[in-house]
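Asks: I am sharing structure22.cif, which consists of mmCIF, C-alpha atoms and all ligand atoms:
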data_run
loop_
_atom_site.group_PDB
_atom_site.id
_atom_site.type_symbol
_atom_site.label_atom_id
_atom_site.label_comp_id
_atom_site.auth_asym_id
_atom_site.auth_seq_id
_atom_site.Cartn_x
_atom_site.Cartn_y
_atom_site.Cartn_z
ATOM 1 C CA MET A 1080 64.154 122.623 76.190
ATOM 2 C CA ILE A 1081 63.701 120.058 78.986
ATOM 3 C CA ALA A 1082 61.416 121.278 81.762
ATOM 4 C CA THR A 1083 62.557 120.424 85.284
ATOM 5 C CA ASN A 1084 60.768 117.286 86.468
ATOM 6 C CA ALA A 1085 61.432 116.027 89.977
ATOM 7 C CA LEU A 1086 61.057 112.457 88.711
ATOM 8 C CA ASN A 1087 64.058 112.698 86.391
ATOM 9 C CA LEU A 1088 67.487 111.655 87.601
ATOM 10 C CA LEU A 1089 69.326 113.611 84.923
ATOM 11 C CA GLU A 1090 68.261 116.462 82.683
ATOM 12 C CA LEU A 1091 70.331 117.947 79.886
ATOM 13 C CA ASP A 1092 69.027 121.232 78.624
ATOM 14 C CA LYS A 1093 70.519 122.733 75.436
ATOM 15 C CA ILE A 1094 73.983 121.388 76.234
ATOM 16 C CA THR A 1095 76.583 122.747 73.839
ATOM 17 C CA LYS A 1096 80.305 122.086 73.548
ATOM 18 C CA ALA A 1097 82.776 123.160 70.887
ATOM 19 C CA PHE A 1098 86.448 122.348 70.459
ATOM 20 C CA GLY A 1099 87.758 125.424 68.679
ATOM 21 C CA ASP A 1100 85.489 125.921 65.677
ATOM 22 C CA TYR A 1101 84.196 122.356 65.827
ATOM 23 C CA SER A 1102 80.820 121.888 67.442
ATOM 24 C CA ALA A 1103 81.037 118.514 69.252
ATOM 25 C CA ILE A 1104 77.696 118.793 71.120
ATOM 26 C CA SER A 1105 74.996 121.074 69.852
ATOM 27 C CA GLU A 1106 71.997 122.227 71.925
ATOM 28 C CA LEU A 1107 71.387 118.693 73.155
ATOM 29 C CA ASN A 1108 68.295 117.976 75.245
ATOM 30 C CA THR A 1109 67.495 114.714 76.983
ATOM 31 C CA ALA A 1110 66.446 113.238 80.307
ATOM 32 C CA VAL A 1111 67.129 110.017 82.192
ATOM 33 C CA MET A 1112 64.759 108.492 84.734
ATOM 34 C CA PRO A 1113 66.089 106.716 87.840
ATOM 35 C CA GLY A 1114 66.960 103.112 87.044
ATOM 36 C CA GLU A 1115 66.844 103.571 83.280
ATOM 37 C CA ARG A 1116 69.613 102.075 81.133
ATOM 38 C CA ILE A 1117 70.304 103.924 77.929
ATOM 39 C CA GLY A 1118 72.450 102.807 75.025
ATOM 40 C CA LEU A 1119 74.280 105.661 73.344
ATOM 41 C CA ILE A 1120 75.117 104.848 69.743
ATOM 42 C CA GLY A 1121 76.301 106.660 66.644
ATOM 43 C CA PRO A 1122 79.211 106.887 64.228
ATOM 44 C CA ASN A 1123 82.799 107.686 65.191
ATOM 45 C CA GLY A 1124 83.126 111.314 66.205
ATOM 46 C CA ALA A 1125 79.377 111.723 66.866
ATOM 47 C CA GLY A 1126 80.043 113.178 70.346
ATOM 48 C CA LYS A 1127 79.181 110.163 72.543
ATOM 49 C CA SER A 1128 82.325 110.241 74.704
ATOM 50 C CA THR A 1129 82.189 114.028 74.917
ATOM 51 C CA LEU A 1130 78.646 113.823 76.222
ATOM 52 C CA LEU A 1131 79.578 111.311 78.924
ATOM 53 C CA LYS A 1132 82.546 113.476 79.954
ATOM 54 C CA ILE A 1133 80.307 116.530 80.294
ATOM 55 C CA ILE A 1134 77.818 114.623 82.456
ATOM 56 C CA ALA A 1135 80.652 113.247 84.609
ATOM 57 C CA GLY A 1136 82.112 116.744 85.005
ATOM 58 C CA ILE A 1137 85.404 115.739 83.356
ATOM 59 C CA ILE A 1138 85.069 118.518 80.785
ATOM 60 C CA SER A 1139 82.973 121.637 81.026
ATOM 61 C CA LYS A 1140 80.091 122.481 78.724
ATOM 62 C CA ASP A 1141 80.087 125.829 76.938
ATOM 63 C CA SER A 1142 76.424 126.481 77.623
ATOM 64 C CA GLY A 1143 73.186 124.811 78.634
ATOM 65 C CA GLU A 1144 72.052 123.374 81.909
ATOM 66 C CA LEU A 1145 72.734 120.014 83.491
ATOM 67 C CA ARG A 1146 70.510 118.941 86.372
ATOM 68 C CA LEU A 1147 70.849 115.934 88.653
ATOM 69 C CA GLU A 1148 67.808 115.090 90.753
ATOM 70 C CA GLY A 1149 66.456 118.540 89.886
ATOM 71 C CA GLN A 1150 69.546 120.383 91.112
ATOM 72 C CA GLN A 1151 71.665 122.322 88.671
ATOM 73 C CA VAL A 1152 75.227 120.985 88.400
ATOM 74 C CA LEU A 1153 77.579 123.936 88.554
ATOM 75 C CA LYS A 1154 81.302 123.981 87.879
ATOM 76 C CA ASN A 1155 83.381 122.137 90.489
ATOM 77 C CA ASN A 1156 80.484 121.211 92.706
ATOM 78 C CA ASP A 1157 80.347 117.821 94.347
ATOM 79 C CA LEU A 1158 76.909 116.851 93.073
ATOM 80 C CA ALA A 1159 78.150 114.967 90.014
ATOM 81 C CA LYS A 1160 80.841 113.255 92.086
ATOM 82 C CA SER A 1161 78.314 111.902 94.559
ATOM 83 C CA LYS A 1162 75.766 110.745 91.987
ATOM 84 C CA VAL A 1163 77.764 109.692 88.949
ATOM 85 C CA ALA A 1164 80.314 106.920 88.399
ATOM 86 C CA TYR A 1165 82.167 107.238 85.095
ATOM 87 C CA LEU A 1166 84.455 104.777 83.353
ATOM 88 C CA PRO A 1167 86.246 106.127 80.279
ATOM 89 C CA ASP A 1168 87.281 103.794 77.459
ATOM 90 C CA GLU A 1169 90.766 103.615 78.977
ATOM 91 C CA PRO A 1170 90.441 103.144 82.745
ATOM 92 C CA PRO A 1171 92.478 105.695 84.715
ATOM 93 C CA LEU A 1172 94.625 103.257 86.708
ATOM 94 C CA TYR A 1173 97.876 103.705 88.631
ATOM 95 C CA ASP A 1174 100.629 101.445 87.391
ATOM 96 C CA LEU A 1175 102.509 101.240 90.683
ATOM 97 C CA LEU A 1176 99.517 100.094 92.738
ATOM 98 C CA ASN A 1177 98.021 96.634 92.833
ATOM 99 C CA ALA A 1178 94.263 96.038 92.416
ATOM 100 C CA ASN A 1179 93.586 95.887 96.164
ATOM 101 C CA GLU A 1180 95.410 99.166 96.733
ATOM 102 C CA TYR A 1181 93.732 100.828 93.753
ATOM 103 C CA LEU A 1182 90.249 99.841 94.913
ATOM 104 C CA GLU A 1183 91.009 101.021 98.466
ATOM 105 C CA TYR A 1184 92.231 104.305 97.006
ATOM 106 C CA THR A 1185 89.082 104.569 94.856
ATOM 107 C CA ALA A 1186 86.832 103.987 97.873
ATOM 108 C CA ALA A 1187 88.698 106.698 99.813
ATOM 109 C CA LEU A 1188 88.444 109.075 96.855
ATOM 110 C CA TRP A 1189 84.669 108.683 96.758
ATOM 111 C CA LYS A 1190 84.430 108.780 100.559
ATOM 112 C CA ILE A 1191 83.034 105.243 100.794
ATOM 113 C CA PRO A 1192 84.119 103.473 104.017
ATOM 114 C CA ILE A 1193 86.236 100.516 102.923
ATOM 115 C CA GLU A 1194 84.418 98.188 105.374
ATOM 116 C CA SER A 1195 81.112 98.798 103.588
ATOM 117 C CA ALA A 1196 82.708 98.531 100.127
ATOM 118 C CA GLU A 1197 84.674 95.374 100.863
ATOM 119 C CA PRO A 1198 81.952 92.717 100.417
ATOM 120 C CA LYS A 1199 81.019 94.095 96.982
ATOM 121 C CA ILE A 1200 84.676 94.450 95.958
ATOM 122 C CA LYS A 1201 85.409 90.863 97.006
ATOM 123 C CA GLU A 1202 82.413 89.568 95.062
ATOM 124 C CA LEU A 1203 83.331 91.569 91.952
ATOM 125 C CA MET A 1204 86.990 90.487 92.089
ATOM 126 C CA LYS A 1205 85.879 86.863 92.305
ATOM 127 C CA ARG A 1206 83.268 87.091 89.554
ATOM 128 C CA TYR A 1207 85.769 88.829 87.236
ATOM 129 C CA GLN A 1208 88.412 86.178 88.082
ATOM 130 C CA MET A 1209 90.761 88.840 89.400
ATOM 131 C CA THR A 1210 91.389 87.528 92.926
ATOM 132 C CA ASP A 1211 94.603 85.715 91.936
ATOM 133 C CA VAL A 1212 96.133 88.887 90.468
ATOM 134 C CA SER A 1213 94.924 91.250 93.189
ATOM 135 C CA THR A 1214 98.444 91.822 94.544
ATOM 136 C CA LEU A 1215 100.132 92.169 91.141
ATOM 137 C CA TRP A 1216 101.228 95.652 90.079
ATOM 138 C CA ILE A 1217 98.761 97.131 87.612
ATOM 139 C CA LYS A 1218 101.621 97.911 85.229
ATOM 140 C CA ASN A 1219 101.819 94.159 84.597
ATOM 141 C CA TYR A 1220 98.138 93.826 83.714
ATOM 142 C CA SER A 1221 96.878 92.942 80.255
ATOM 143 C CA LYS A 1222 94.378 95.229 78.518
ATOM 144 C CA GLY A 1223 91.463 92.994 79.524
ATOM 145 C CA MET A 1224 92.621 92.897 83.160
ATOM 146 C CA ARG A 1225 92.825 96.706 83.165
ATOM 147 C CA GLN A 1226 89.298 96.908 81.774
ATOM 148 C CA LYS A 1227 87.994 94.455 84.379
ATOM 149 C CA LEU A 1228 89.601 96.440 87.213
ATOM 150 C CA GLY A 1229 88.106 99.646 85.778
ATOM 151 C CA LEU A 1230 84.659 98.044 85.757
ATOM 152 C CA ILE A 1231 85.063 96.772 89.326
ATOM 153 C CA SER A 1232 86.131 100.267 90.436
ATOM 154 C CA VAL A 1233 82.848 101.804 89.262
ATOM 155 C CA LEU A 1234 80.493 98.886 89.922
ATOM 156 C CA PHE A 1235 81.231 98.606 93.651
ATOM 157 C CA ARG A 1236 80.141 102.232 94.179
ATOM 158 C CA GLY A 1237 76.467 101.578 93.369
ATOM 159 C CA SER A 1238 76.040 105.172 92.106
ATOM 160 C CA PRO A 1239 72.606 106.380 90.973
ATOM 161 C CA LEU A 1240 74.043 106.974 87.477
ATOM 162 C CA LEU A 1241 76.727 104.856 85.851
ATOM 163 C CA LEU A 1242 78.427 106.103 82.678
ATOM 164 C CA LEU A 1243 80.326 103.489 80.706
ATOM 165 C CA ASP A 1244 82.335 104.264 77.579
ATOM 166 C CA GLU A 1245 82.932 101.115 75.522
ATOM 167 C CA PRO A 1246 82.851 98.793 78.566
ATOM 168 C CA PHE A 1247 83.078 95.544 76.563
ATOM 169 C CA THR A 1248 86.230 96.293 74.593
ATOM 170 C CA ALA A 1249 89.156 94.015 75.501
ATOM 171 C CA LEU A 1250 87.026 91.714 77.678
ATOM 172 C CA ASP A 1251 87.109 87.952 77.187
ATOM 173 C CA THR A 1252 83.795 86.123 76.777
ATOM 174 C CA ASP A 1253 83.528 85.262 80.506
ATOM 175 C CA ALA A 1254 84.094 88.892 81.463
ATOM 176 C CA VAL A 1255 81.544 90.053 78.869
ATOM 177 C CA ASP A 1256 78.994 87.650 80.411
ATOM 178 C CA THR A 1257 79.822 88.865 83.921
ATOM 179 C CA THR A 1258 79.435 92.501 82.838
ATOM 180 C CA ILE A 1259 76.089 91.770 81.201
ATOM 181 C CA GLN A 1260 74.896 90.013 84.359
ATOM 182 C CA TYR A 1261 75.846 92.996 86.526
ATOM 183 C CA LEU A 1262 74.269 95.467 84.126
ATOM 184 C CA GLN A 1263 71.060 93.438 84.191
ATOM 185 C CA ASP A 1264 71.076 93.278 88.000
ATOM 186 C CA ARG A 1265 68.958 96.190 89.158
ATOM 187 C CA SER A 1266 70.064 95.766 92.753
ATOM 188 C CA PHE A 1267 73.630 96.458 91.577
ATOM 189 C CA VAL A 1268 73.379 98.887 88.686
ATOM 190 C CA HIS A 1269 70.802 101.661 88.763
ATOM 191 C CA ALA A 1270 70.530 104.106 85.867
ATOM 192 C CA ALA A 1271 73.254 103.823 83.249
ATOM 193 C CA MET A 1272 74.339 105.373 79.975
ATOM 194 C CA ILE A 1273 76.417 102.964 77.953
ATOM 195 C CA VAL A 1274 78.371 103.832 74.819
ATOM 196 C CA SER A 1275 79.065 100.834 72.610
ATOM 197 C CA HIS A 1276 79.401 99.907 68.964
ATOM 198 C CA ASP A 1277 78.448 96.336 69.859
ATOM 199 C CA LEU A 1278 74.690 96.510 69.362
ATOM 200 C CA ASP A 1279 74.100 92.827 70.217
ATOM 201 C CA LEU A 1280 75.556 93.371 73.695
ATOM 202 C CA LEU A 1281 73.836 96.716 74.099
ATOM 203 C CA GLU A 1282 70.517 95.109 73.238
ATOM 204 C CA GLN A 1283 70.940 92.793 76.248
ATOM 205 C CA VAL A 1284 71.514 95.566 78.787
ATOM 206 C CA ALA A 1285 69.804 98.758 77.609
ATOM 207 C CA ASP A 1286 66.109 99.625 77.976
ATOM 208 C CA ARG A 1287 66.217 102.210 75.214
ATOM 209 C CA ALA A 1288 68.730 103.830 72.890
ATOM 210 C CA ILE A 1289 69.707 107.278 71.694
ATOM 211 C CA VAL A 1290 71.422 107.846 68.359
ATOM 212 C CA LEU A 1291 73.882 110.704 68.234
ATOM 213 C CA ASP A 1292 75.308 112.244 65.080
ATOM 214 C CA LYS A 1293 77.343 115.438 64.801
ATOM 215 C CA GLY A 1294 76.604 116.296 68.417
ATOM 216 C CA GLN A 1295 72.845 116.013 68.103
ATOM 217 C CA ILE A 1296 70.276 113.365 68.942
ATOM 218 C CA ILE A 1297 68.909 112.266 65.590
ATOM 219 C CA ALA A 1298 66.799 109.305 66.735
ATOM 220 C CA GLU A 1299 65.547 107.667 69.918
ATOM 221 C CA PHE A 1300 64.429 104.055 70.186
ATOM 222 C CA PRO A 1301 62.008 103.388 73.057
ATOM 223 C CA SER A 1302 63.118 99.753 73.184
ATOM 224 C CA CYS A 1303 66.350 97.990 72.240
ATOM 225 C CA SER A 1304 64.820 94.901 70.676
ATOM 226 C CA ASN A 1305 66.246 94.362 67.187
ATOM 227 C CA LEU A 1306 68.624 97.224 67.888
ATOM 228 C CA LYS A 1307 70.770 96.500 64.817
ATOM 229 C CA GLU A 1308 67.751 96.646 62.550
ATOM 230 C CA GLN A 1309 66.456 99.825 64.176
ATOM 231 C CA TYR A 1310 69.887 101.417 63.793
ATOM 232 C CA GLU A 1311 70.219 100.313 60.162
ATOM 233 C CA ASN A 1312 66.840 101.948 59.453
ATOM 234 C CA ALA A 1313 67.913 105.160 61.187
ATOM 235 C CA LYS A 1314 71.189 105.140 59.238
ATOM 236 C CA ARG A 1315 69.303 104.870 55.967
ATOM 237 C CA ARG A 1316 66.819 107.534 56.982
ATOM 238 C CA PHE A 1317 69.462 110.020 58.093
ATOM 239 C CA GLN A 1318 72.134 108.886 55.601
ATOM 240 C CA LEU A 1319 74.564 108.081 58.401
ATOM 241 C CA GLU A 1320 77.880 106.516 57.645
ATOM 242 C CA ASP A 1321 78.932 104.181 60.423
ATOM 243 C CA ALA A 1322 81.362 101.426 59.637
ATOM 244 C CA SER A 1323 82.114 100.874 63.324
ATOM 245 C CA VAL A 1324 79.141 98.693 64.235
ATOM 246 C CA GLN A 1325 80.155 95.101 64.864
ATOM 247 C CA ASN A 1326 78.357 92.502 62.770
HETATM 248 N N1 LIG B 1401 89.780 117.462 73.430
HETATM 249 C C1 LIG B 1401 89.370 117.593 72.178
HETATM 250 N N2 LIG B 1401 89.902 118.526 71.372
HETATM 251 C C2 LIG B 1401 89.479 118.684 70.090
HETATM 252 N N3 LIG B 1401 88.504 117.944 69.521
HETATM 253 C C3 LIG B 1401 87.941 116.981 70.294
HETATM 254 C C4 LIG B 1401 88.344 116.745 71.639
HETATM 255 N N4 LIG B 1401 87.599 115.738 72.137
HETATM 256 C C5 LIG B 1401 86.768 115.345 71.136
HETATM 257 N N5 LIG B 1401 86.974 116.098 70.038
HETATM 258 C C6 LIG B 1401 86.249 115.993 68.778
HETATM 259 O O1 LIG B 1401 84.857 116.003 69.073
HETATM 260 C C7 LIG B 1401 84.178 115.082 68.218
HETATM 261 C C8 LIG B 1401 83.412 114.098 69.068
HETATM 262 O O2 LIG B 1401 84.344 113.223 69.686
HETATM 263 P P1 LIG B 1401 83.890 112.042 70.649
HETATM 264 O O3 LIG B 1401 85.120 111.392 71.160
HETATM 265 O O4 LIG B 1401 82.905 112.557 71.607
HETATM 266 O O5 LIG B 1401 83.146 111.091 69.601
HETATM 267 P P2 LIG B 1401 82.544 109.620 69.807
HETATM 268 O O6 LIG B 1401 81.141 109.648 69.331
HETATM 269 O O7 LIG B 1401 82.777 109.158 71.192
HETATM 270 O O8 LIG B 1401 83.407 108.794 68.767
HETATM 271 P P3 LIG B 1401 83.979 107.271 68.769
HETATM 272 O O9 LIG B 1401 82.814 106.375 68.399
HETATM 273 O O10 LIG B 1401 84.982 107.317 67.662
HETATM 274 O O11 LIG B 1401 84.580 106.979 70.098
HETATM 275 C C9 LIG B 1401 85.235 114.450 67.324
HETATM 276 O O12 LIG B 1401 85.261 115.139 66.098
HETATM 277 C C10 LIG B 1401 86.534 114.679 68.081
HETATM 278 O O13 LIG B 1401 87.630 114.817 67.199
#
Go ahead and express the file in the form of structure tokens.
Replies:
Amino acid sequence: MIATNALNLLELDKITKAFGDYSAISELNTAVMPGERIGLIGPNGAGKSTLLKIIAGIISKDSGELRLEGQQVLKNNDLAKSKVAYLPDEPPLYDLLNANEYLEYTAALWKIPIESAEPKIKELMKRYQMTDVSTLWIKNYSKGMRQKLGLISVLFRGSPLLLLDEPFTALDTDAVDTTIQYLQDRSFVHAAMIVSHDLDLLEQVADRAIVLDKGQIIAEFPSCSNLKEQYENAKRRFQLEDASVQN
């Protein structure tokens, strides 16, 4: 059990989620401090995406308590919306909008005045080399362009907690570098939980890491230096099978 601590940004207390008979998340406890970046790793099917979706309020937990800044997050309340920005592995874009329209729509959705969002959006569009395609329909975007627009749509919000599911997939090397730079910029990105199988990239942006397996935290690394080696040791210790990690 995680005791309520006013210093924590997020507290997960015995969070449990099953799909039918399958237990995807099992009595999971953890806490995130403001400004902390956490790498979430583990084999396919470990429950990483499910956990992010529960925190973002996309799916409901079966039991347990989720607290943001000490306040319990109840079903359909606006607390998660105001504190958490979530990007799933496939960004939820609208094919018949262009990037400018989509970002304006996103700002309206999160009740952020477009005038205050605009400077950040402009900077992000430029840094991700998306300015030239800003008026092109999203349906004509490549996978990497879709991913970049998804990242821009969460980064401009400056939320206290950013949840990223496989943010590096489909990005070219310039876009990977740009993403790393933003994730390292504490004036831009505050606390974050980042799911990735690319441990080299995760090592560059996460302060610590949590290893999930079968819906439970099986190991926690207080630092991400030599993350691959730490993970290999944990795999041996817990007899994990994970062929997904990129070498
Ligand atoms: N909507 C759903 N209905 C049924 N089972 C689900 C659903 N969503 C997830 N699961 C199951 O829950 C388990 C955890 O899935 P999840 O997507 O969270 O894993 P993951 O750790 O993100 O895996 P990966 O590394 O492959 O992305 C898997 O066994 C998956 O099949």
Asks: Expanded to explicit residues, what is the PyMOL selection byres (((chain A and resi 1100-1111) around 6) and not hetatm) for this file, as a list in words?
Replies: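 Taken over the shown coordinates, the PyMOL selection byres (((chain A and resi 1100-1111) around 6) and not hetatm) returns Asn1087, Leu1088, Leu1089, Glu1090, Leu1091, Asp1092, Lys1093, Ile1094, Thr1095, Lys1096, Ala1097, Phe1098, Gly1099, Met1112, Gly1126, Gly1294 and Gln1295 of chain A.
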Asks: Atom CA of A:Arg1225 and atom CA of A:Ile1193 are how many Å apart?
Replies: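 The value is 21.2 Å.
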Asks: Starting from the displayed file, determine the output of the PyMOL selection byres (((not hetatm)) within 9 of (chain B and resi 1401)) and express the residue list as a PDB file with C-alpha atoms, keeping the file's coordinate frame.
Replies:
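Saved file result17.pdb follows:
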ATOM      1  CA  LYS A1096      80.305 122.086  73.548  1.00  0.00           C
ATOM      2  CA  ALA A1097      82.776 123.160  70.887  1.00  0.00           C
ATOM      3  CA  PHE A1098      86.448 122.348  70.459  1.00  0.00           C
ATOM      4  CA  GLY A1099      87.758 125.424  68.679  1.00  0.00           C
ATOM      5  CA  TYR A1101      84.196 122.356  65.827  1.00  0.00           C
ATOM      6  CA  SER A1102      80.820 121.888  67.442  1.00  0.00           C
ATOM      7  CA  ALA A1103      81.037 118.514  69.252  1.00  0.00           C
ATOM      8  CA  ILE A1104      77.696 118.793  71.120  1.00  0.00           C
ATOM      9  CA  LEU A1119      74.280 105.661  73.344  1.00  0.00           C
ATOM     10  CA  ILE A1120      75.117 104.848  69.743  1.00  0.00           C
ATOM     11  CA  GLY A1121      76.301 106.660  66.644  1.00  0.00           C
ATOM     12  CA  PRO A1122      79.211 106.887  64.228  1.00  0.00           C
ATOM     13  CA  ASN A1123      82.799 107.686  65.191  1.00  0.00           C
ATOM     14  CA  GLY A1124      83.126 111.314  66.205  1.00  0.00           C
ATOM     15  CA  ALA A1125      79.377 111.723  66.866  1.00  0.00           C
ATOM     16  CA  GLY A1126      80.043 113.178  70.346  1.00  0.00           C
ATOM     17  CA  LYS A1127      79.181 110.163  72.543  1.00  0.00           C
ATOM     18  CA  SER A1128      82.325 110.241  74.704  1.00  0.00           C
ATOM     19  CA  THR A1129      82.189 114.028  74.917  1.00  0.00           C
ATOM     20  CA  LEU A1130      78.646 113.823  76.222  1.00  0.00           C
ATOM     21  CA  LEU A1131      79.578 111.311  78.924  1.00  0.00           C
ATOM     22  CA  LYS A1132      82.546 113.476  79.954  1.00  0.00           C
ATOM     23  CA  ILE A1138      85.069 118.518  80.785  1.00  0.00           C
ATOM     24  CA  ASP A1168      87.281 103.794  77.459  1.00  0.00           C
ATOM     25  CA  ASP A1244      82.335 104.264  77.579  1.00  0.00           C
ATOM     26  CA  GLU A1245      82.932 101.115  75.522  1.00  0.00           C
ATOM     27  CA  VAL A1274      78.371 103.832  74.819  1.00  0.00           C
ATOM     28  CA  SER A1275      79.065 100.834  72.610  1.00  0.00           C
ATOM     29  CA  HIS A1276      79.401  99.907  68.964  1.00  0.00           C
ATOM     30  CA  LEU A1291      73.882 110.704  68.234  1.00  0.00           C
ATOM     31  CA  ASP A1292      75.308 112.244  65.080  1.00  0.00           C
ATOM     32  CA  LYS A1293      77.343 115.438  64.801  1.00  0.00           C
ATOM     33  CA  GLY A1294      76.604 116.296  68.417  1.00  0.00           C
ATOM     34  CA  SER A1323      82.114 100.874  63.324  1.00  0.00           C
TER      35      SER A1323
END
Asks: Using 6 Å of padding on each side, determine the axis-aligned box around all atoms of stretch 1092-1105 of chain A present in the file and give its centre and edge lengths in Å to one decimal, as AutoDock Vina command-line options.
Replies:
--center_x 78.4 --center_y 122.2 --center_z 72.2 --size_x 30.7 --size_y 19.4 --size_z 24.9
Asks: For A:Glu1183, list every protein, DNA or RNA residue within 12 Å, evaluated using all atoms listed in the file, and leave out those in the same chain fewer than 6 positions away; present the list as a VMD selection string.
Replies: chain A and resid 1176 to 1177 1189 to 1197 1200 to 1201 1213 1231 to 1232 1235 to 1236
Asks: Which residues are near stretch 1269-1273 of chain A? Cut-off 7 Å, all atoms listed in the file, ignore same chain within fewer than 6 positions. Put them as a list of chain:residue names.
Replies: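 In the requested form, the answer reads A:Pro1113, A:Gly1114, A:Glu1115, A:Arg1116, A:Ile1117, A:Gly1118, A:Leu1119, A:Pro1239, A:Leu1240, A:Leu1241, A:Leu1242, A:Leu1243, A:Asp1244.
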Asks: Considering all atoms listed in the file, can you say which of A:Pro1170, A:Leu1145, A:Ala1186, A:Arg1265 comes closest to A:Gly1223?
Replies: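 Nearest candidate to A:Gly1223 out of A:Pro1170, A:Leu1145, A:Ala1186, A:Arg1265: A:Pro1170.
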Asks: Hey, what's within 9 Å of A:Asp1279 if we count only C-alpha atoms and toss same-chain stuff fewer than 2 positions away? As a PyMOL selection string, please?
Replies: chain A and resi 1276-1277+1281-1283+1305-1307+1325-1326
